[in-house]
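*Asks:* Just passing along the structure, written as C-alpha cells.
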Amino acid sequence: MTTTFPDISINTDRLVLRALEEADAPALAEMMNDEMVGAWTAVPQPYTEDAARRWITEYAPTERAAGRGLDLAVTEFLTQRLVGIIQLGNTNWRVRSTELSYIIAPWARGEGYASEAALATAQWLFGDQRFERLELRTAADNTASQQVAQKIGCISEGVLRNACIARTRTEDGGWTDLRTDFIVWGLLPEDLDGLADQMAEAGYSSYTDWS
C-alpha cells in the first residue's frame with residue numbers, strides 16, 4: 001500500500017498547485033509575515049527568507065518522504081505568481097484521512113483562490129489517491145477560513161474547546177498568545193457531489209487536471 005504522496009501538479013482554470021521551489025522563498029516569506037497569518041497560525045514572527053528556504057528544501061521534502069503530509073505552492077496560471085499554500089498533514093494512510101490547511105497572500109484574498117485550491121486538492125485526494133476523509137480545523141473566530149470550509153462542502157462536526165493557540169498584537173507591537181477553540185470540519189467523497197457545478201455557477205473555477 002502506498003504511504004507517501006506523489007510529486008504532483010494540480011491545475012484549475014486559474015491556478016497551478018505544485019511543489020515548492022527555492023525561487024518561491026522571497027514571496028513565501030512576505031506572505032508569512034502578513035498580520036492574519038501571524039494571528040491565526042503558528043508561523044514564527046517575523047518570518048525570514050532563510051526560514052522559507054528551510055521549509056522548501058528541508059521540511060516539505062521530509063514530510064512528503066515520511067508520508068506525513070504534502071506542501072503545495074498555489075500559483076496563478078497566467079502570471080505564475082505565488083498566491084498561497086496548501087498543506088496536508090497528520091495523514092493516516094490506513095484510515096485514508098488527512099488534514100488540510102491553507103494560507104492565501106493578502107493581495108490575493110477575496111478572489112476565491114483558497115476555496116478553488118482546496119476543492120481541487122480534495123478532488124485529487126478522493127479521486128486519484130482514494131482518500132475517504134479530509135479534515136479541517138479553524139480557529140473559532142477565523143471566519144474567513146470557516147467560509148472556505150463551508151464553500152467546499154465541509155460539514156461542521158464539533159468544537160475542540162481551548163485546543164487552539166492564536167495570537168494577538170500587544171501594545172508594544174509584539175505578539176501574545178490567545179487561547180481559543182477549534183472548529184472541526186469533515187469532508188467525505190460524497191460531500192462533493194454536485195459541488196463543482198455549484199461553484200462554477202457562482203463564478204469559481206474547479207479542478208481540471210492533475211499530473
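In the C-alpha cells, chains take letters A, B, ... by order of appearance, with residues numbered from 1 within each chain and ligands from 1 in the order shown.
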Could you pull out all residues of stretch 7-164 of chain A with a DSSP call of alpha helix (DSSP H) and give them as a ChimeraX atom specification?

*Replies:* /A:25-32,35-40,49-54,60-66,113-127,143-151

*Asks:* Near stretch 103-115 of chain A, within 9 Å and counting only C-alpha atoms, which residues show up once chain neighbours fewer than 2 positions away are dropped, as a PDB file with C-alpha atoms, in the first residue's frame?

*Replies:*
ATOM      1  CA  ARG A  14      -6.853  29.900 -12.824  1.00  0.00           C
ATOM      2  CA  LEU A  15      -4.328  28.087 -10.627  1.00  0.00           C
ATOM      3  CA  ALA A  27       7.285  35.565  -1.865  1.00  0.00           C
ATOM      4  CA  LEU A  28       6.716  32.859   0.750  1.00  0.00           C
ATOM      5  CA  GLU A  30       6.494  38.009   2.521  1.00  0.00           C
ATOM      6  CA  MET A  31       3.230  36.079   2.731  1.00  0.00           C
ATOM      7  CA  MET A  32       4.104  34.514   6.095  1.00  0.00           C
ATOM      8  CA  ASP A  34       1.168  39.075   6.994  1.00  0.00           C
ATOM      9  CA  GLU A  35      -0.848  40.087  10.069  1.00  0.00           C
ATOM     10  CA  MET A  36      -3.578  37.488   9.555  1.00  0.00           C
ATOM     11  CA  VAL A  37      -1.034  34.707   9.090  1.00  0.00           C
ATOM     12  CA  VAL A  74      -0.599  27.761  -5.136  1.00  0.00           C
ATOM     13  CA  LEU A  82       2.671  32.651  -5.655  1.00  0.00           C
ATOM     14  CA  VAL A  83      -0.764  33.325  -4.209  1.00  0.00           C
ATOM     15  CA  GLY A  84      -0.845  30.824  -1.366  1.00  0.00           C
ATOM     16  CA  ILE A  85      -0.010  27.487   0.206  1.00  0.00           C
ATOM     17  CA  ILE A  86      -1.975  24.264   0.595  1.00  0.00           C
ATOM     18  CA  GLN A  87      -0.788  21.904   3.315  1.00  0.00           C
ATOM     19  CA  SER A 101      -4.906  23.844   5.803  1.00  0.00           C
ATOM     20  CA  ALA A 117      -7.283  25.339  -4.436  1.00  0.00           C
ATOM     21  CA  ALA A 118      -8.832  23.423  -1.523  1.00  0.00           C
ATOM     22  CA  LEU A 119     -11.563  21.921  -3.703  1.00  0.00           C
ATOM     23  CA  ALA A 120      -9.059  20.880  -6.374  1.00  0.00           C
ATOM     24  CA  SER A 145     -11.213  30.214   6.994  1.00  0.00           C
ATOM     25  CA  GLN A 147     -16.213  30.333   4.956  1.00  0.00           C
ATOM     26  CA  VAL A 148     -13.729  28.428   2.804  1.00  0.00           C
ATOM     27  CA  ALA A 149     -14.564  25.187   4.619  1.00  0.00           C
ATOM     28  CA  LYS A 151     -17.810  26.724   0.433  1.00  0.00           C
ATOM     29  CA  ILE A 152     -16.053  23.445  -0.449  1.00  0.00           C
ATOM     30  CA  TYR A 204     -15.392  29.901  -9.287  1.00  0.00           C
ATOM     31  CA  SER A 205     -13.182  27.559 -11.285  1.00  0.00           C
TER      32      SER A 205
END

*Asks:* Atom CA of A:Ala29 and atom CA of A:Tyr47, how far apart in Å?

*Replies:* 5.9 Å

*Asks:* Find the distance between atom CA of A:Asn33 and atom CA of A:Arg53 and write it in Å to one decimal.

*Replies:* 14.6 Å

*Asks:* Run DSSP on the backbone and grab whatever in stretch 88-204 of chain A lands in strand (DSSP E); send it over as number ranges by chain.

*Replies:* A: 88-92, 97-104, 133-139, 155-169, 175-187

*Asks:* Using atom CA of A:Gln123 and atom CA of A:Arg94 as the two end points, give the distance in Å to one decimal.

*Replies:*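 Atom CA of A:Arg94 lies at a distance of 19.2 Å from atom CA of A:Gln123.
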
*Asks:* Considering only C-alpha atoms, give me a table of residues in stretch 144-193 of chain A that are at most 6 Å from stretch 135-139 of chain A, with the closest atom pair and distance in Å for each, as CSV.

*Replies:*
residue,atom,partner,partner_atom,distance
A:Asp181,CA,A:Ala139,CA,5.9
A:Phe182,CA,A:Ala139,CA,4.7
A:Ile183,CA,A:Thr138,CA,5.3
A:Val184,CA,A:Arg137,CA,4.7
A:Trp185,CA,A:Leu136,CA,5.0
A:Gly186,CA,A:Glu135,CA,4.7

*Asks:* Can you work out which one of A:Ala19, A:Arg64, A:Thr12, A:Trp40 has the shortest atom-to-atom distance to A:Asp177, counting only C-alpha atoms?

*Replies:*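 Looking only at the distances to A:Asp177, the closest residue turns out to be A:Trp40.
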
*Asks:* From the options A:Thr168, A:Thr180, A:Gln45, A:Thr91, which residue's atoms come nearest to A:Ala66, counting only C-alpha atoms?

*Replies:* A:Thr91

*Asks:* May I ask which of the residues A:Thr57, A:Glu63, A:Arg169, A:Val16 is the closest one to A:Glu116, counting only C-alpha atoms?

*Replies:*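 Selected residue with least distance to A:Glu116: A:Val16.
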
*Asks:* Which of these residues is nearest to A:Gln150, using only C-alpha atoms: A:Ala23, A:Leu192, A:Val95, A:Leu17?

*Replies:* A:Leu192

*Asks:* So that I can check the surroundings of A:Thr3, please list as a list of chain:residue names every protein, DNA and RNA residue that reaches within 12 Å of it, counting only C-alpha atoms and ignoring chain neighbours fewer than 3 positions away.

*Replies:*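 Contacts, with the query itself left out: A:Pro6, A:Glu63, A:Arg64, A:Ala65, A:Ala66, A:Gly67, A:Arg68, A:Gly69, A:Leu70, A:Thr91, A:Asn92, A:Trp93, A:Arg94, A:Val95, A:Arg96, A:Ser97, A:Thr98, A:Gln129, A:Arg130, A:Phe131.
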
*Asks:* Return the single residue from A:Cys154, A:Leu72, A:Val43, A:Ala140 that is closest to A:Arg179, with distances computed using only C-alpha atoms.

*Replies:*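 Nearest candidate to A:Arg179 out of A:Cys154, A:Leu72, A:Val43, A:Ala140: A:Ala140.
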